[in-house]
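*Asks:* I am attaching a structure below and will ask some questions about it afterwards.
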Amino acid sequence: RFPSGGGFSNVFPRAQFQQEAVSGYLKKFPPGYAPNIFNASGRAFPDVSANGCALRLTSGSEGTSASAPTFASILSAVNDARLALGKKPVGWINPAIYSSTFNGAFNDITNGSNPNCGTQGFLAKPGWDPVTGLGTPNFPKLLARWLLLP
């Protein structure tokens with residue numbers, strides 16, 4: 001079992017680039033919680049995931065403290081490959097990863113939940129979900145897609 005945080009912001013509105021993916025989740029798999037439990041129009045998170053458990057870190061951290069640098073290292077390798085071809089680094093990835101170019105570039109996690117607030121939480125389902133986002137990175141697929149872009 002791996003813990004996961006995720007859900008919907010009560011402060012920030014949903015980003016346009018994630019509108020289709022998140023609306024699809026809410027339509028296909030409505031959580032059934034009252035508006036005081038979650039804000040269905042809020043910025044949805046996470047965008048992506050990485051396994052942050054059982055990694056050896058000098059800080060002794062797990063979870064996001066391990067997942068974020070893991071994902072960043074993958075993007076560093078992508079940038080290295082792009083720079084070697086005379087291309088620019090990828091920069092802010094969020095609008096791109098929600099585009100059709102990146103369909104299938106993540107390992108879609110479809111089992112699990114993130115219980116909290118006295119509920120079973122949200123469920124991991126096909127496509128974007130508030131447990132694992134678009135999924136975990138598949139480096140060969142991500143690299144191939146990033147290298148196709150200018």
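Following the order of the structure tokens, first chain is A, next is B, and so on, with residues numbered from 1 inside each chain and ligands from 1 in the order they appear.
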At a cut-off of 7 Å, using only C-alpha atoms, what residues contact Leu123 of chain A? Leave out same-chain residues fewer than 2 positions from it and give the result as a list in words.
*Replies:*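 Using only C-alpha atoms, the neighbours found are Gly112, Ser113, Gly121, Lys125 and Val131 of chain A.
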*Asks:* Store the residues picked out above, limited to all heavy atoms, as a PDB file, in the first residue's frame.
*Replies:*
ATOM      1  N   GLY A 112      -7.168   1.635  -6.058  1.00  0.00           N
ATOM      2  CA  GLY A 112      -6.774   2.311  -4.835  1.00  0.00           C
ATOM      3  C   GLY A 112      -7.669   3.501  -4.541  1.00  0.00           C
ATOM      4  O   GLY A 112      -8.576   3.836  -5.301  1.00  0.00           O
ATOM      5  N   SER A 113      -7.399   4.137  -3.413  1.00  0.00           N
ATOM      6  CA  SER A 113      -8.156   5.319  -2.996  1.00  0.00           C
ATOM      7  C   SER A 113      -7.288   6.134  -2.049  1.00  0.00           C
ATOM      8  O   SER A 113      -6.185   5.722  -1.688  1.00  0.00           O
ATOM      9  CB  SER A 113      -9.470   4.923  -2.316  1.00  0.00           C
ATOM     10  OG  SER A 113      -9.201   4.248  -1.101  1.00  0.00           O
ATOM     11  N   GLY A 121     -12.542   8.510   0.546  1.00  0.00           N
ATOM     12  CA  GLY A 121     -11.709   9.299  -0.352  1.00  0.00           C
ATOM     13  C   GLY A 121     -12.171   9.152  -1.779  1.00  0.00           C
ATOM     14  O   GLY A 121     -13.304   8.746  -2.052  1.00  0.00           O
ATOM     15  N   LYS A 125      -9.178   5.509 -10.917  1.00  0.00           N
ATOM     16  CA  LYS A 125      -9.956   4.973 -12.035  1.00  0.00           C
ATOM     17  C   LYS A 125      -9.199   5.235 -13.328  1.00  0.00           C
ATOM     18  O   LYS A 125      -8.239   5.998 -13.350  1.00  0.00           O
ATOM     19  CB  LYS A 125     -11.339   5.634 -12.086  1.00  0.00           C
ATOM     20  CG  LYS A 125     -12.235   5.310 -10.902  1.00  0.00           C
ATOM     21  CD  LYS A 125     -12.681   3.868 -10.946  1.00  0.00           C
ATOM     22  CE  LYS A 125     -13.665   3.530  -9.850  1.00  0.00           C
ATOM     23  NZ  LYS A 125     -14.110   2.154  -9.919  1.00  0.00           N
ATOM     24  N   VAL A 131      -6.378  10.528  -7.169  1.00  0.00           N
ATOM     25  CA  VAL A 131      -5.496   9.697  -6.345  1.00  0.00           C
ATOM     26  C   VAL A 131      -4.096   9.707  -6.945  1.00  0.00           C
ATOM     27  O   VAL A 131      -3.115   9.954  -6.244  1.00  0.00           O
ATOM     28  CB  VAL A 131      -6.030   8.247  -6.223  1.00  0.00           C
ATOM     29  CG1 VAL A 131      -5.116   7.416  -5.327  1.00  0.00           C
ATOM     30  CG2 VAL A 131      -7.456   8.239  -5.698  1.00  0.00           C
TER      31      VAL A 131
END
*Asks:* List the neighbours of Pro31 of chain A out to 10 Å using only C-alpha atoms; skip same-chain residues closer than 5 positions along the sequence, and give me the result as a PyMOL selection string.
*Replies:* chain A and resi 25-26+38+40+120-123
*Asks:* Run DSSP on the backbone and tell me which residues of segment 19-124 of chain A come out as alpha helix (DSSP H); list them as number ranges by chain.
*Replies:* A: 19-28, 64-84, 94-97
*Asks:* Please provide as a list of chain:residue names all residues within 8 Å of segment 91-104 of chain A, with the sequence filter that same-chain residues fewer than 4 positions apart are discarded (counting only C-alpha atoms).
*Replies:*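 The filter keeps A:Phe17, A:Gln18, A:Ala21, A:Asp47, A:Asp108, A:Lys141, A:Leu142, A:Arg145.
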*Asks:* I'd like the contact shell of Pro137 of chain A - 7 Å cut-off, only C-alpha atoms, skipping same-chain residues fewer than 2 positions apart - returned as a list in words.
*Replies:* Ala50, Ala105, Phe106, Asn107, Gly135 and Phe139 of chain A
*Asks:* Any chance you can output those residues with N, CA, C and O atoms as a PDB file, in the first residue's frame?
*Replies:*
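Wrote part10.pdb, looks like this:
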ATOM      1  N   ALA A  50       4.369   9.453  -8.608  1.00  0.00           N
ATOM      2  CA  ALA A  50       5.549   8.592  -8.662  1.00  0.00           C
ATOM      3  C   ALA A  50       5.585   7.836  -7.343  1.00  0.00           C
ATOM      4  O   ALA A  50       5.116   8.331  -6.320  1.00  0.00           O
ATOM      5  N   ALA A 105       1.255   8.027 -22.210  1.00  0.00           N
ATOM      6  CA  ALA A 105       2.660   8.199 -21.809  1.00  0.00           C
ATOM      7  C   ALA A 105       2.871   7.990 -20.316  1.00  0.00           C
ATOM      8  O   ALA A 105       3.999   8.051 -19.831  1.00  0.00           O
ATOM      9  N   PHE A 106       1.791   7.747 -19.605  1.00  0.00           N
ATOM     10  CA  PHE A 106       1.877   7.504 -18.161  1.00  0.00           C
ATOM     11  C   PHE A 106       1.288   6.128 -17.869  1.00  0.00           C
ATOM     12  O   PHE A 106       0.413   5.651 -18.586  1.00  0.00           O
ATOM     13  N   ASN A 107       1.775   5.499 -16.813  1.00  0.00           N
ATOM     14  CA  ASN A 107       1.218   4.231 -16.351  1.00  0.00           C
ATOM     15  C   ASN A 107      -0.036   4.562 -15.551  1.00  0.00           C
ATOM     16  O   ASN A 107       0.054   5.134 -14.464  1.00  0.00           O
ATOM     17  N   GLY A 135      -1.152   9.434 -13.730  1.00  0.00           N
ATOM     18  CA  GLY A 135      -0.457   8.179 -13.497  1.00  0.00           C
ATOM     19  C   GLY A 135       1.016   8.396 -13.197  1.00  0.00           C
ATOM     20  O   GLY A 135       1.458   9.518 -12.953  1.00  0.00           O
ATOM     21  N   PHE A 139       9.078   6.455 -18.680  1.00  0.00           N
ATOM     22  CA  PHE A 139      10.163   7.247 -19.260  1.00  0.00           C
ATOM     23  C   PHE A 139      10.334   7.063 -20.769  1.00  0.00           C
ATOM     24  O   PHE A 139      10.397   8.056 -21.493  1.00  0.00           O
TER      25      PHE A 139
END
*Asks:* Determine, counting only C-alpha atoms, which protein, DNA and RNA residues have an atom within 9 Å of an atom of Thr119 of chain A; residues of the same chain fewer than 4 positions away are not included. Present the result as a list in words.
*Replies:* Tyr33, Asn114 and Pro115 of chain A
*Asks:* If I take atom CA of Gly24 of chain A and atom CA of Pro126 of chain A, how far is one from the other in Å, to one decimal?
*Replies:*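 Straight-line distance from atom CA of Gly24 of chain A to atom CA of Pro126 of chain A works out to 10.2 Å.
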*Asks:* Excluding same-chain residues fewer than 6 positions from Ala84 of chain A, what lies within 12 Å of it counting only C-alpha atoms, as a count of residues only?
*Replies:* 3
*Asks:* Contacts of Ser41 of chain A at 8 Å or less, counting only C-alpha atoms, minus same-chain residues fewer than 2 places along, as a list of chain:residue names?
*Replies:*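 After dropping sequence-adjacent residues, the list is A:Phe8, A:Pro13, A:Arg14, A:Asn39, A:Arg43.
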*Asks:* When DSSP works through the backbone of this structure, what residues of chain A end up as strand (DSSP E or B), shown as a list in words?
*Replies:*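 Output for chain A, strand (DSSP E or B) only: Gly7, Phe8, Ser9, Asn10, Val11, Phe12, Pro13, Gly42, Arg43, Ala44, Phe45, Phe106, Asn107, Ser113, Asn116, Thr119, Leu123, Asp129, Gly133, Thr136 and Pro137 of chain A.
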*Asks:* So how far away is atom CA of Val48 of chain A from atom CA of Gln19 of chain A, in Å?
*Replies:* 15.2 Å
*Asks:* So, counting only C-alpha atoms, which residue among A:Gly133, A:Pro140, A:Gly127, A:Gly5 is closest to Phe29 of chain A?
*Replies:*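 Smallest distance to Phe29 of chain A is found for A:Gly127.
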*Asks:* Out of A:Ile109, A:Cys117, A:Ala34, A:Leu148, which residue has the shortest atom-to-atom distance to Leu85 of chain A when counting only C-alpha atoms?
*Replies:*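 With only C-alpha atoms as the atom set, the closest residue is A:Leu148.
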*Asks:* Please measure the separation of atom CA of Ser67 of chain A and atom CA of Pro30 of chain A, giving the value in Å to one decimal.
*Replies:*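 Those two atoms sit 27.3 Å apart.
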